[in-house]
Each structure stands twice: as C-alpha cells, then as structure tokens.
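Q: Got a structure for you, questions after.
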Amino acid sequence: MRDLDKALADIVAIRSQIAAGTAFRGYGPATMAATGAVALITAILQFWLLGDPTSEPVGFFLGWLIAAVLSGLIIGIEMRARSRRHHSGLADAMIHQAVEQFLPAGVAGVLLAVVMWKFASETLWLLPGLWQILVSLGIFASVRSLPRTVALAGAWYFVSGFAVVLLASRTHTLSPWTMGLPFVIGQSVMAGILYFASGDNDVED
C-alpha cells in the first residue's frame with residue numbers, strides 16, 4: 001500500500017509540474033469582454049439609482065459585490081468548459097493552479113472591505129482604488145501561465161488604482177465611474193490580449 005500511495009503521490013506531483021509549465025487556456029476573450037459589460041451596466045445603474053453613493057455605501061458596495069460574483073460565475077463556467085476542451089486530463093490541475101494564483105488577491109480584497117467597513121468606515125473611499133491594485137497583483141501572479149502580454153492589463157489596473165485613490169482623496173467620495181470605467185477598460189484589454197494570443201478560431205471554441 002505504501003508503494004501505491006507513493007506512486008499516486010508521484011503522479012499528482014508530475015501532473016502539477018506539467019500544469020505549471022503549460023499555458024492556461026481556460027480564459028476566453030468573449031467572457032472577459034462580458035465581465036467588462038457587467039461593470040459598465042453596474043456603473044450606469046448606480047449612476048441612475050444612487051443619488052449620492054457616498055451616503056449610500058451599502059447600496060454602492062452591494063452592487064459591486066453582485067457584479068463581482070456574477071463575473072466570477074461567468075468566468076468560472078467558461079473556465080471549466082474550456083479547460084476540459086483544451087487541457088483534457090490536466091483540466092483540474094490547470095483550474096486549481098489558476099484559482100490558486102488569483103485567490104490571495106481576492107481574499108485580501110474581501111477582508112480589506114470587511115475590516116474597513118467595521119473599523120474605519122470613513123476610509124471606504126479608498127476601497128475602489130485598492131481593489132484595482134489587488135486585481136493588478138492577481139493578474140501579475142497569473143502571468144507565468146498566461147500570455148505575457150496580460151501584464152499590460154495588470155499594469156493598467158495598477159496605475160488606475162493609484163489614480164483613483166489620488167482623485168478620490170480630494171473629495172473622499174464614492175463614484176460608480178471610478179469603479180466601472182477602469183474595469184471596462186481593463187477587461188477589454190484582457191479580452192483583446194487573449195483574442196490575439198489564441199487566434200480567431202479559439203474564440204469560437
């Protein structure tokens with residue numbers, strides 16, 4: 001039994017090493033564009049429905065939480081389907097690796113929001129910019145398994161995050177556009193990069 005367990009462990013290790021050296025093709029350009037559309041729709045709805053987002057932080061952040069969950073579901077569903085198609089037997093290992101690379105940034109974003117809400121609600125105006133910076137770090141962590149040009153999207157979120165913090169520091173207010181527009185542009189950049197990296201035919205898969 002020990003030999004069998006060791007052999008199984010070795011197989012898992014080998015599969016993980018192969019997955020680490022394989023380009024991940026689970027992200028599709030159409031899905032990235034769709035998440036950008038989700039961000040744009042959320043910003044427009046909040047612009048119409050929230051008279052003053054700063055005085056209604058619950059509605060503001062709840063809207064973006066719903067947008068994030070919806071985008072995550074869209075990406076997750078396609079990630080699973082594309083991984084099965086492109087990576088076959090390595091699909092589970094590739095998905096696990098992709099999630100593992102982005103998970104720390106995602107968890108940090110959630111915990112940061114909770115801590116700021118609970119103990120420093122007067123600093124919530126910082127959160128949109130900080131979230132964008134965390135997204136950039138998640139993208140940079142994923143560069144090793146994606147086309148290297150995705151670093152451009154990471155750079156965009158990094159710069160936009162600090163720009164949003166700088167702009168918001170003047171008024172300490174929340175705006176749907178300082179969340180929506182950076183994500184629309186960032187996800188569109190990601191979509192374009194994945195489109196040209198994978199080729200036209202891959203978009204249709």
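Every chain in the structure tokens takes a letter, A first, then B, and so on in the order presented; its residues are numbered from 1, and the ligands are numbered from 1 following the presented order.
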Just want the 10 Å neighbourhood of segment 55-57 of chain A, counted on only C-alpha atoms, with same-chain residues fewer than 2 positions away dropped. Output as a JSON list (two decimals) with N, CA, C and O atoms, in the first residue's frame.
A:
```json
[["chain", "number", "residue", "atom", "x", "y", "z"],
["A", 50, "LEU", "N", -28.52, 55.60, -7.58],
["A", 50, "LEU", "CA", -27.94, 56.11, -6.34],
["A", 50, "LEU", "C", -27.69, 57.61, -6.49],
["A", 50, "LEU", "O", -26.79, 58.03, -7.23],
["A", 51, "GLY", "N", -28.46, 58.39, -5.77],
["A", 51, "GLY", "CA", -28.28, 59.83, -5.86],
["A", 51, "GLY", "C", -26.91, 60.26, -5.36],
["A", 51, "GLY", "O", -26.22, 61.07, -5.98],
["A", 52, "ASP", "N", -26.51, 59.71, -4.21],
["A", 52, "ASP", "CA", -25.21, 60.04, -3.61],
["A", 52, "ASP", "C", -24.60, 58.76, -3.06],
["A", 52, "ASP", "O", -24.89, 58.37, -1.93],
["A", 53, "PRO", "N", -23.77, 58.08, -3.86],
["A", 53, "PRO", "CA", -23.18, 56.81, -3.42],
["A", 53, "PRO", "C", -22.42, 56.92, -2.10],
["A", 53, "PRO", "O", -22.40, 55.96, -1.32],
["A", 59, "GLY", "N", -25.53, 50.28, -0.61],
["A", 59, "GLY", "CA", -26.01, 50.06, -1.98],
["A", 59, "GLY", "C", -24.87, 50.06, -2.98],
["A", 59, "GLY", "O", -24.85, 49.25, -3.92],
["A", 60, "PHE", "N", -23.90, 50.95, -2.78],
["A", 60, "PHE", "CA", -22.76, 51.05, -3.70],
["A", 60, "PHE", "C", -21.95, 49.75, -3.72],
["A", 60, "PHE", "O", -21.75, 49.15, -4.78],
["A", 61, "PHE", "N", -21.51, 49.32, -2.55],
["A", 61, "PHE", "CA", -20.66, 48.13, -2.49],
["A", 61, "PHE", "C", -21.43, 46.84, -2.71],
["A", 61, "PHE", "O", -20.88, 45.86, -3.24],
["A", 62, "LEU", "N", -22.72, 46.81, -2.34],
["A", 62, "LEU", "CA", -23.54, 45.64, -2.63],
["A", 62, "LEU", "C", -23.66, 45.45, -4.13],
["A", 62, "LEU", "O", -23.59, 44.33, -4.64],
["A", 63, "GLY", "N", -23.85, 46.55, -4.85],
["A", 63, "GLY", "CA", -23.93, 46.47, -6.31],
["A", 63, "GLY", "C", -22.66, 45.90, -6.92],
["A", 63, "GLY", "O", -22.72, 45.05, -7.82],
["A", 117, "TRP", "N", -14.88, 48.46, 6.63],
["A", 117, "TRP", "CA", -16.30, 48.71, 6.95],
["A", 117, "TRP", "C", -16.53, 48.68, 8.46],
["A", 117, "TRP", "O", -17.27, 49.51, 9.00],
["A", 121, "SER", "N", -14.82, 53.04, 8.69],
["A", 121, "SER", "CA", -15.78, 53.31, 7.61],
["A", 121, "SER", "C", -15.53, 54.65, 6.92],
["A", 121, "SER", "O", -15.95, 54.84, 5.78],
["A", 124, "LEU", "N", -13.65, 54.29, 3.50],
["A", 124, "LEU", "CA", -14.19, 53.44, 2.43],
["A", 124, "LEU", "C", -13.97, 54.02, 1.04],
["A", 124, "LEU", "O", -13.99, 53.29, 0.05],
["A", 125, "TRP", "N", -13.74, 55.33, 0.95],
["A", 125, "TRP", "CA", -13.49, 55.94, -0.35],
["A", 125, "TRP", "C", -12.21, 55.40, -0.99],
["A", 125, "TRP", "O", -12.02, 55.51, -2.20],
["A", 173, "THR", "N", -15.10, 60.86, -1.74],
["A", 173, "THR", "CA", -16.42, 60.40, -2.17],
["A", 173, "THR", "C", -16.31, 59.13, -3.00],
["A", 173, "THR", "O", -15.24, 58.80, -3.53],
["A", 174, "LEU", "N", -17.44, 58.44, -3.11],
["A", 174, "LEU", "CA", -17.53, 57.23, -3.93],
["A", 174, "LEU", "C", -18.21, 57.57, -5.25],
["A", 174, "LEU", "O", -19.16, 58.36, -5.26]]
```
Q: Find the residues near segment 25-40 of chain A: any atom within 8 Å, counting only C-alpha atoms, skip ones fewer than 3 places away on the same chain, and give them as a ChimeraX atom specification.
A: /A:43-44,67,71,74-75,78-83,86-87,95,146,179-181,183-188,190-195,203
Q: Near His172 of chain A, within 10 Å and counting only C-alpha atoms, which residues show up once chain neighbours fewer than 4 positions away are dropped, as a list in words?
A: Thr54, Glu122, Thr123, Leu124, Trp125, Leu126, Val165, Leu166, Leu167 and Ala168 of chain A
Q: Could you save the residues just selected, with C-alpha atoms, as a JSON list (two decimals), in the first residue's frame?
A:
```json
[["chain", "number", "residue", "atom", "x", "y", "z"],
["A", 54, "THR", "CA", -21.05, 58.22, -0.59],
["A", 122, "GLU", "CA", -14.55, 56.84, 7.00],
["A", 123, "THR", "CA", -11.84, 55.39, 4.74],
["A", 124, "LEU", "CA", -14.19, 53.44, 2.43],
["A", 125, "TRP", "CA", -13.49, 55.94, -0.35],
["A", 126, "LEU", "CA", -10.09, 54.22, -0.66],
["A", 165, "VAL", "CA", -7.06, 56.84, -4.90],
["A", 166, "LEU", "CA", -5.49, 60.17, -5.86],
["A", 167, "LEU", "CA", -8.72, 61.51, -7.39],
["A", 168, "ALA", "CA", -10.89, 60.33, -4.51]]
```
Q: In Å, with one decimal, what is the gap from atom CA of Ala153 of chain A to atom CA of Gly76 of chain A?
A: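 For atom CA of Ala153 of chain A relative to atom CA of Gly76 of chain A, the distance reads 19.4 Å.
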Q: Excluding same-chain residues fewer than 6 positions from Pro104 of chain A, what lies within 12 Å of it counting only C-alpha atoms, as a ChimeraX atom specification?
A: /A:98,110-112,134-139,141-142
Q: Write the residues of the selection above to a file with C-alpha atoms, as a short mmCIF file (atom, residue, chain, number, x, y, z; two decimals), in the first residue's frame.
A:
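Saved result, part.cif, follows:
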```
data_model
loop_
_atom_site.label_atom_id
_atom_site.label_comp_id
_atom_site.auth_asym_id
_atom_site.auth_seq_id
_atom_site.Cartn_x
_atom_site.Cartn_y
_atom_site.Cartn_z
CA ALA A 98 -5.35 29.39 -11.98
CA VAL A 110 -12.82 40.81 0.73
CA LEU A 111 -11.02 41.04 4.10
CA LEU A 112 -9.92 44.60 3.38
CA LEU A 134 -5.25 43.99 -5.81
CA VAL A 135 -6.66 42.92 -9.19
CA SER A 136 -3.39 44.03 -10.78
CA LEU A 137 -1.42 41.90 -8.31
CA GLY A 138 -3.63 38.91 -9.08
CA ILE A 139 -3.01 39.37 -12.81
CA ALA A 141 0.69 36.49 -10.24
CA SER A 142 -1.00 34.74 -13.18
#
```
